[in-house]
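Everything below belongs to input_8.cif, which stores mmCIF, C-alpha atoms and all ligand atoms.
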```
data_start
loop_
_atom_site.label_atom_id
_atom_site.label_comp_id
_atom_site.auth_asym_id
_atom_site.auth_seq_id
_atom_site.Cartn_x
_atom_site.Cartn_y
_atom_site.Cartn_z
CA ASP A 17 102.06 70.25 116.06
CA LYS A 18 100.95 70.68 112.48
CA LYS A 19 98.30 67.97 112.60
CA MET A 20 96.70 69.44 115.73
CA LYS A 21 96.61 72.85 114.08
CA SER A 22 94.86 71.50 111.04
CA ILE A 23 92.28 69.81 113.24
CA ASP A 24 91.75 73.04 115.21
CA LYS A 25 91.31 74.90 111.96
CA ARG A 26 88.70 72.41 110.82
CA ILE A 27 86.84 72.84 114.09
CA ASP A 28 86.80 76.60 113.55
CA GLU A 29 85.65 76.18 110.00
CA TYR A 30 82.59 74.01 110.34
CA HIS A 31 82.64 72.04 113.54
CA PHE A 32 81.38 73.47 116.76
CA LYS A 33 83.09 73.18 120.09
CA ILE A 34 80.95 71.88 122.90
CA LYS A 35 81.14 74.30 125.81
CA ASP A 36 77.64 73.76 127.11
CA SER A 37 74.42 72.08 126.11
CA SER A 38 73.23 75.14 124.18
CA ASP A 39 75.96 74.42 121.62
CA LEU A 40 74.35 71.07 121.01
CA LYS A 41 70.88 72.58 121.01
CA ALA A 42 71.92 74.60 117.99
CA GLU A 43 72.05 71.30 116.19
CA SER A 44 68.73 70.12 117.55
CA GLY A 45 67.35 69.82 114.05
CA VAL A 46 69.68 66.87 113.70
CA PHE A 47 69.46 65.25 117.14
CA ASP A 48 66.41 64.41 119.22
CA THR A 49 66.35 65.52 122.86
CA PRO A 50 67.48 62.26 124.55
CA THR A 51 70.30 61.91 122.00
CA LEU A 52 71.30 65.52 122.65
CA LYS A 53 71.38 64.88 126.39
CA THR A 54 73.53 61.79 125.94
CA LEU A 55 75.92 63.65 123.65
CA TYR A 56 76.15 66.45 126.17
CA THR A 57 76.90 63.97 128.98
CA LEU A 58 79.70 62.50 126.85
CA ALA A 59 80.95 66.02 126.13
CA SER A 60 80.91 67.03 129.78
CA LYS A 61 83.06 63.97 130.55
CA GLY A 62 85.56 65.21 127.97
CA ILE A 63 85.02 62.22 125.69
CA ILE A 64 83.79 64.46 122.86
CA THR A 65 85.18 67.97 122.54
CA ALA A 66 83.69 68.97 119.18
CA MET A 67 81.03 67.58 116.93
CA GLY A 68 81.68 67.45 113.23
CA GLY A 69 79.60 66.89 110.19
CA VAL A 70 77.63 63.87 109.15
CA VAL A 71 79.70 61.13 107.53
CA SER A 72 76.83 58.88 106.53
CA THR A 73 73.08 58.65 106.93
CA GLY A 74 71.72 55.12 106.89
CA LYS A 75 68.43 53.39 107.45
CA GLU A 76 69.35 52.29 110.96
CA ALA A 77 72.07 54.69 111.99
CA ASP A 78 73.79 57.97 111.22
CA VAL A 79 77.54 58.35 111.53
CA PHE A 80 79.15 61.65 112.53
CA HIS A 81 82.71 62.86 112.69
CA ALA A 82 83.87 64.29 116.01
CA ILE A 83 86.96 65.30 117.93
CA GLY A 84 87.82 63.64 121.22
CA GLU A 85 90.55 63.93 123.81
CA ASN A 86 93.92 65.15 122.51
CA GLY A 87 92.39 66.06 119.16
CA LYS A 88 91.81 62.41 118.29
CA GLU A 89 89.29 61.98 115.49
CA LEU A 90 86.21 59.95 116.39
CA ALA A 91 83.32 58.34 114.57
CA ILE A 92 80.00 58.60 116.39
CA LYS A 93 77.38 56.12 115.27
CA ILE A 94 73.88 57.04 116.40
CA TYR A 95 71.22 54.39 115.96
CA ARG A 96 67.69 55.53 115.23
CA ILE A 97 65.16 54.41 117.81
CA ASN A 98 62.36 54.19 115.26
CA THR A 99 64.39 51.94 113.03
CA SER A 100 62.54 50.21 110.25
CA ASP A 101 64.48 46.97 110.74
CA PHE A 102 63.54 46.58 114.37
CA GLN A 103 62.18 43.05 113.79
CA LYS A 104 65.51 42.07 112.21
CA MET A 105 67.37 43.42 115.24
CA GLN A 106 65.30 41.23 117.51
CA ASP A 107 65.96 38.13 115.40
CA TYR A 108 69.71 38.73 115.50
CA LEU A 109 69.66 39.32 119.27
CA ILE A 110 67.49 36.34 120.21
CA GLY A 111 69.90 33.59 119.18
CA ASP A 112 72.88 35.33 120.78
CA PRO A 113 73.72 33.95 124.24
CA ARG A 114 75.01 37.36 125.32
CA PHE A 115 71.70 39.07 124.59
CA SER A 116 69.14 36.29 124.54
CA ASN A 117 67.06 37.73 127.38
CA VAL A 118 66.76 41.22 125.91
CA ARG A 119 63.11 42.12 125.72
CA GLY A 120 61.07 45.26 125.92
CA THR A 121 60.48 48.39 123.96
CA LYS A 122 62.04 49.39 120.66
CA LYS A 123 64.33 51.59 122.69
CA ASP A 124 65.59 48.66 124.79
CA ILE A 125 66.25 46.61 121.66
CA VAL A 126 68.18 49.44 120.00
CA PHE A 127 70.25 50.03 123.16
CA ALA A 128 71.09 46.33 123.29
CA TRP A 129 71.98 46.43 119.60
CA THR A 130 74.37 49.35 120.21
CA LYS A 131 76.06 47.42 123.05
CA LYS A 132 76.21 44.39 120.78
CA GLU A 133 78.09 46.31 118.10
CA GLN A 134 80.55 47.58 120.73
CA ARG A 135 81.13 44.05 122.10
CA ASN A 136 81.54 42.62 118.61
CA LEU A 137 84.12 45.27 117.69
CA GLU A 138 85.99 44.58 120.96
CA ARG A 139 86.04 40.83 120.31
CA ALA A 140 87.21 41.37 116.74
CA ALA A 141 89.99 43.74 117.82
CA GLU A 142 91.12 41.29 120.55
CA VAL A 143 91.80 38.52 118.02
CA GLY A 144 93.69 40.80 115.63
CA VAL A 145 91.02 41.79 113.14
CA LYS A 146 91.44 45.43 112.12
CA VAL A 147 88.23 47.25 113.04
CA PRO A 148 87.53 50.78 114.35
CA GLU A 149 88.45 50.53 118.02
CA PRO A 150 85.30 51.06 120.07
CA MET A 151 85.71 53.51 122.95
CA ILE A 152 82.39 53.77 124.71
CA SER A 153 78.71 53.27 124.11
CA GLU A 154 75.81 54.95 125.84
CA ARG A 155 72.17 54.25 125.02
CA ASN A 156 71.96 54.40 121.18
CA ILE A 157 75.35 56.06 120.70
CA LEU A 158 78.59 54.24 119.88
CA ILE A 159 81.88 56.13 119.88
CA MET A 160 84.79 54.60 118.04
CA GLU A 161 88.06 55.31 116.31
CA PHE A 162 87.65 57.30 113.09
CA ILE A 163 89.00 55.42 110.07
CA GLY A 164 90.15 58.22 107.80
CA LYS A 165 91.79 61.63 108.08
CA ASP A 166 90.66 65.22 108.68
CA GLY A 167 86.99 64.32 108.74
CA VAL A 168 87.10 62.34 105.51
CA SER A 169 86.44 58.67 106.04
CA ALA A 170 88.43 56.02 104.22
CA PRO A 171 86.72 54.74 101.05
CA ARG A 172 84.74 51.52 101.05
CA LEU A 173 86.01 48.70 98.85
CA LYS A 174 82.87 49.43 96.84
CA ASP A 175 84.29 52.89 95.99
CA VAL A 176 87.80 51.91 94.87
CA ARG A 177 89.44 50.04 92.02
CA LEU A 178 92.04 47.79 93.59
CA GLU A 179 95.40 47.79 91.79
CA GLU A 180 96.59 44.81 93.80
CA PRO A 181 93.52 42.95 95.06
CA GLN A 182 95.29 39.71 96.09
CA PRO A 183 96.82 40.90 99.41
CA ILE A 184 93.54 42.62 100.31
CA TYR A 185 91.63 39.41 99.62
CA ASP A 186 94.13 37.36 101.63
CA THR A 187 93.77 39.69 104.60
CA VAL A 188 89.96 39.68 104.44
CA ALA A 189 90.04 35.85 104.26
CA ASP A 190 92.33 35.72 107.30
CA TYR A 191 90.07 38.16 109.17
CA MET A 192 87.03 35.97 108.44
CA ARG A 193 88.93 32.96 109.77
CA LEU A 194 90.08 34.81 112.91
CA LEU A 195 86.54 36.02 113.54
CA TYR A 196 85.17 32.51 113.22
CA GLN A 197 87.87 30.48 114.96
CA LYS A 198 89.00 32.85 117.68
CA ALA A 199 86.27 35.43 118.27
CA LYS A 200 83.55 32.81 117.56
CA LEU A 201 81.74 35.41 115.47
CA VAL A 202 80.19 35.63 112.03
CA HIS A 203 79.98 39.18 110.65
CA GLY A 204 76.66 38.60 108.91
CA ASP A 205 76.74 41.62 106.59
CA LEU A 206 80.20 41.39 105.09
CA SER A 207 80.63 42.83 101.63
CA GLU A 208 82.46 45.63 99.77
CA TYR A 209 80.04 48.03 101.53
CA ASN A 210 81.30 47.22 105.02
CA ILE A 211 85.04 47.08 104.41
CA LEU A 212 87.01 50.33 104.31
CA LEU A 213 90.41 50.63 102.69
CA TYR A 214 92.78 52.56 104.95
CA GLU A 215 96.51 52.82 104.28
CA GLU A 216 96.10 50.06 101.72
CA ARG A 217 94.67 47.66 104.27
CA PRO A 218 91.12 46.47 104.79
CA VAL A 219 89.22 47.58 107.90
CA ILE A 220 86.03 45.71 108.78
CA ILE A 221 83.14 47.91 109.96
CA ASP A 222 79.42 47.72 110.83
CA MET A 223 79.32 44.79 113.25
CA GLY A 224 75.98 45.35 114.98
CA GLN A 225 74.47 42.29 113.34
CA ALA A 226 77.48 40.00 113.90
CA VAL A 227 76.43 36.89 115.81
CA MET A 228 78.11 34.24 117.95
CA LEU A 229 78.49 30.79 116.41
CA GLU A 230 75.67 29.52 118.65
CA HIS A 231 73.17 31.61 116.72
CA PRO A 232 70.86 29.29 114.75
CA MET A 233 71.52 31.23 111.54
CA ALA A 234 75.31 31.58 111.99
CA ARG A 235 76.23 29.12 109.23
CA GLU A 236 73.79 30.69 106.77
CA PHE A 237 75.17 34.15 107.53
CA LEU A 238 78.70 32.84 107.00
CA ALA A 239 77.74 31.32 103.64
CA ARG A 240 76.27 34.67 102.57
CA ASP A 241 79.40 36.58 103.69
CA VAL A 242 81.58 34.11 101.76
CA LYS A 243 79.44 34.53 98.67
CA ASN A 244 79.62 38.35 98.78
CA ILE A 245 83.38 38.40 99.31
CA VAL A 246 84.09 35.90 96.53
CA ARG A 247 81.81 37.74 94.12
CA TYR A 248 83.53 41.08 94.81
CA PHE A 249 87.11 39.76 94.61
CA LYS A 250 86.46 37.64 91.52
CA LYS A 251 85.27 40.80 89.82
CA SER A 252 88.49 42.48 90.99
CA GLY A 253 90.56 39.75 89.33
CA VAL A 254 91.39 37.42 92.23
CA LYS A 255 91.17 33.69 91.57
CA CYS A 256 89.03 32.50 94.43
CA SER A 257 86.00 30.33 95.09
CA GLU A 258 83.36 29.95 97.76
CA GLU A 259 84.53 26.37 98.51
CA GLU A 260 88.13 27.47 98.97
CA LEU A 261 87.26 30.46 101.17
CA SER A 262 84.86 28.40 103.31
CA ALA A 263 87.53 25.76 103.79
CA HIS A 264 90.06 28.42 104.78
CA ILE A 265 87.68 29.81 107.40
CA LEU A 266 86.49 26.46 108.78
CA LYS A 267 89.60 24.24 108.74
CA LYS A 268 90.89 23.34 112.19
P1 LIG B 1 73.20 50.12 109.37
O1 LIG B 1 73.36 48.95 108.45
O2 LIG B 1 72.98 49.75 110.80
O3 LIG B 1 72.25 51.17 108.85
P2 LIG B 1 75.23 51.60 108.32
O4 LIG B 1 75.51 50.75 107.14
O5 LIG B 1 74.46 52.86 108.15
O6 LIG B 1 74.59 50.79 109.42
P3 LIG B 1 78.05 51.62 108.93
O7 LIG B 1 78.24 50.72 107.78
O8 LIG B 1 78.64 51.23 110.23
O9 LIG B 1 76.54 51.96 109.18
O10 LIG B 1 78.59 53.06 108.58
C1 LIG B 1 78.11 53.78 107.47
C2 LIG B 1 79.24 54.55 106.81
O11 LIG B 1 79.81 55.46 107.75
C3 LIG B 1 80.39 53.68 106.35
O12 LIG B 1 80.21 53.21 105.04
C4 LIG B 1 81.57 54.62 106.44
O13 LIG B 1 81.63 55.42 105.28
C5 LIG B 1 81.21 55.49 107.62
N1 LIG B 1 81.83 54.99 108.85
C6 LIG B 1 81.30 54.12 109.73
N2 LIG B 1 82.14 53.87 110.74
C7 LIG B 1 83.24 54.62 110.51
C8 LIG B 1 84.48 54.82 111.20
N3 LIG B 1 84.74 54.20 112.34
N4 LIG B 1 85.38 55.66 110.66
C9 LIG B 1 85.11 56.31 109.51
N5 LIG B 1 83.97 56.17 108.81
C10 LIG B 1 83.04 55.34 109.30
MN MN B 2 77.15 49.49 106.53
#
```
Please rewrite the model in this file as structure tokens.
Ligand code: ATP
Ligand code: MN
Amino acid sequence: DKKMKSIDKRIDEYHFKIKDSSDLKAESGVFDTPTLKTLYTLASKGIITAMGGVVSTGKEADVFHAIGENGKELAIKIYRINTSDFQKMQDYLIGDPRFSNVRGTKKDIVFAWTKKEQRNLERAAEVGVKVPEPMISERNILIMEFIGKDGVSAPRLKDVRLEEPQPIYDTVADYMRLLYQKAKLVHGDLSEYNILLYEERPVIIDMGQAVMLEHPMAREFLARDVKNIVRYFKKSGVKCSEEELSAHILKK
């Protein structure tokens, strides 16, 4: 159909199809050898059929656009092994019962972190929080649903001026409550930077640091998330307060 054609055209324009590992080698300025090998393994399984351009370069991870089975658009988040916030990663992992015995090299910590983001996204999706659906993770690579169209990701709340902020706020507040009450998770880095606006609805992203409620810092992280969200939505014209949002999240 028309949509498939437009995706094929995009691939011809500036994506490259993965037929063998030499296609990926052409991009070796971007990827290190182990990452290349992992990408190639994913490609040979048919999970990735074409790699696209970079969507975002961060301190801890880069995000790429890609095409998967049936022309489905994918986001590929690749964590850097030599991440500068490695100590932070360890602190967030230690208090988490799912990952409390993760020890070892930087590499092991980053691999655990990648798995942690996948698990967190799965838990969030299970309780009805709109997040990019995670598909698979391998080593430092997480493959998930692409939030956006034709290689252009949906804007962050940070990048838009909301005409009607109230329903967006209400949904974010409900998502925070669902995460806390049902998924037993606190996002831990929630702000207008980690919420995309797609089809006029908020989508929560970047859940690597999200922790279970057992984590010793969970309540502090929640308080910080609440503060960020209230600050942003107040500025957007919503009448809200930290007390009210906390109560909404915590009430039984
Ligand atoms: P870290 O804090 O670990 O460095 P980050 O902030 O670099 O992570 P994310 O916030 O997950 O990583 O992603 C960075 C950007 O990439 C987002 O702001 C968004 O623009 C884009 N992005 C991430 N995931 C997706 C997705 N599933 N679909 C579309 N765009 C995405
Ligand atoms: Mn982010």
One residue among A:Glu138, A:Lys267, A:Ile94, A:Val202 is nearest to Pro232 in chain A when using all atoms listed in the file, and that residue is A:Val202
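Minimum distance to Leu194 in chain A across A:Gly144, A:Pro171, A:Pro150, A:Gly164 (counting only C-alpha atoms) occurs at A:Gly144.
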Surrounding residues of Thr65 in chain A excluding itself and chain neighbours under 2 positions, 8 Å, only C-alpha atoms, as number ranges by chain:
A: 33-34, 59, 62-63, 67, 82-85
Nearby polymer residues, ligand LIG 1 (chain B), at most 7 Å, only C-alpha atoms and all ligand atoms, as number ranges by chain:
A: 71-79, 91, 93, 148, 160-164, 169-172, 209-210, 221-222, 224
Taking only C-alpha atoms into account, name the residue in A:Ala189, A:Ile211, A:Ile157, A:Ile125 that is nearest to Phe47 in chain A.
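Going through A:Ala189, A:Ile211, A:Ile157, A:Ile125 one by one, the smallest distance to Phe47 in chain A is for A:Ile157.
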So, counting all atoms listed in the file, which residue among A:Gly68, A:Gly204, A:Pro218, A:Gly253 is closest to ligand MN 2 (chain B)?
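Under the stated criterion, the closest residue is A:Gly204.
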Find the smallest box with edges along x, y and z containing every listed atom of range 49-55 of chain A, then add 5 Å on each side and report centre and edge lengths in Å to one decimal, as lines of an AutoDock Vina configuration file.
```
center_x = 71.1
center_y = 63.7
center_z = 124.2
size_x = 19.6
size_y = 13.7
size_z = 14.4
```
Write out as a list of chain:residue names the residues lying within 12 Å of Ile97 in chain A, counting all atoms listed in the file and excluding same-chain residues fewer than 2 positions away.
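Those residues are A:Phe47, A:Asp48, A:Pro50, A:Thr51, A:Lys75, A:Glu76, A:Ala77, A:Asp78, A:Ile94, A:Tyr95, A:Thr99, A:Ser100, A:Asp101, A:Phe102, A:Met105, A:Thr121, A:Lys122, A:Lys123, A:Asp124, A:Ile125, A:Val126, A:Phe127, A:Ala128, A:Trp129, A:Thr130, A:Arg155, A:Asn156, A:Ile157.
In this model, the gap between CA of Leu229 in chain A and CA of Leu201 in chain A comes to 5.7 Å.
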Pick the closest to ligand MN 2 (chain B) from A:Leu206, A:Ile152, A:Ala140, A:Val70: which is it, counting only C-alpha atoms and all ligand atoms?
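Of A:Leu206, A:Ile152, A:Ala140, A:Val70, the one nearest ligand MN 2 (chain B) is A:Leu206, counting only C-alpha atoms and all ligand atoms.
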Mind giving me the straight-line distance from CA of Phe237 in chain A to CA of Tyr214 in chain A in Å, one decimal?
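Interatomic distance here is 25.6 Å.
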So how far away is CA of Glu149 in chain A from CA of Leu261 in chain A, in Å?
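It comes out at 26.2 Å.
In terms of minimum interatomic distance to ligand MN 2 (chain B), A:Met223 ranks closest within A:Ile159, A:Leu52, A:Met223, A:Val147, counting only C-alpha atoms and all ligand atoms.
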I'd like the contact shell of Asp112 in chain A - 10 Å cut-off, all atoms listed in the file, skipping same-chain residues fewer than 4 positions apart - returned as a list of chain:residue names.
A:Asp107, A:Tyr108, A:Ser116, A:Asn117, A:Val118, A:Lys132, A:Ala226, A:Val227, A:Met228, A:Leu229, A:Glu230, A:His231, A:Pro232, A:Ala234
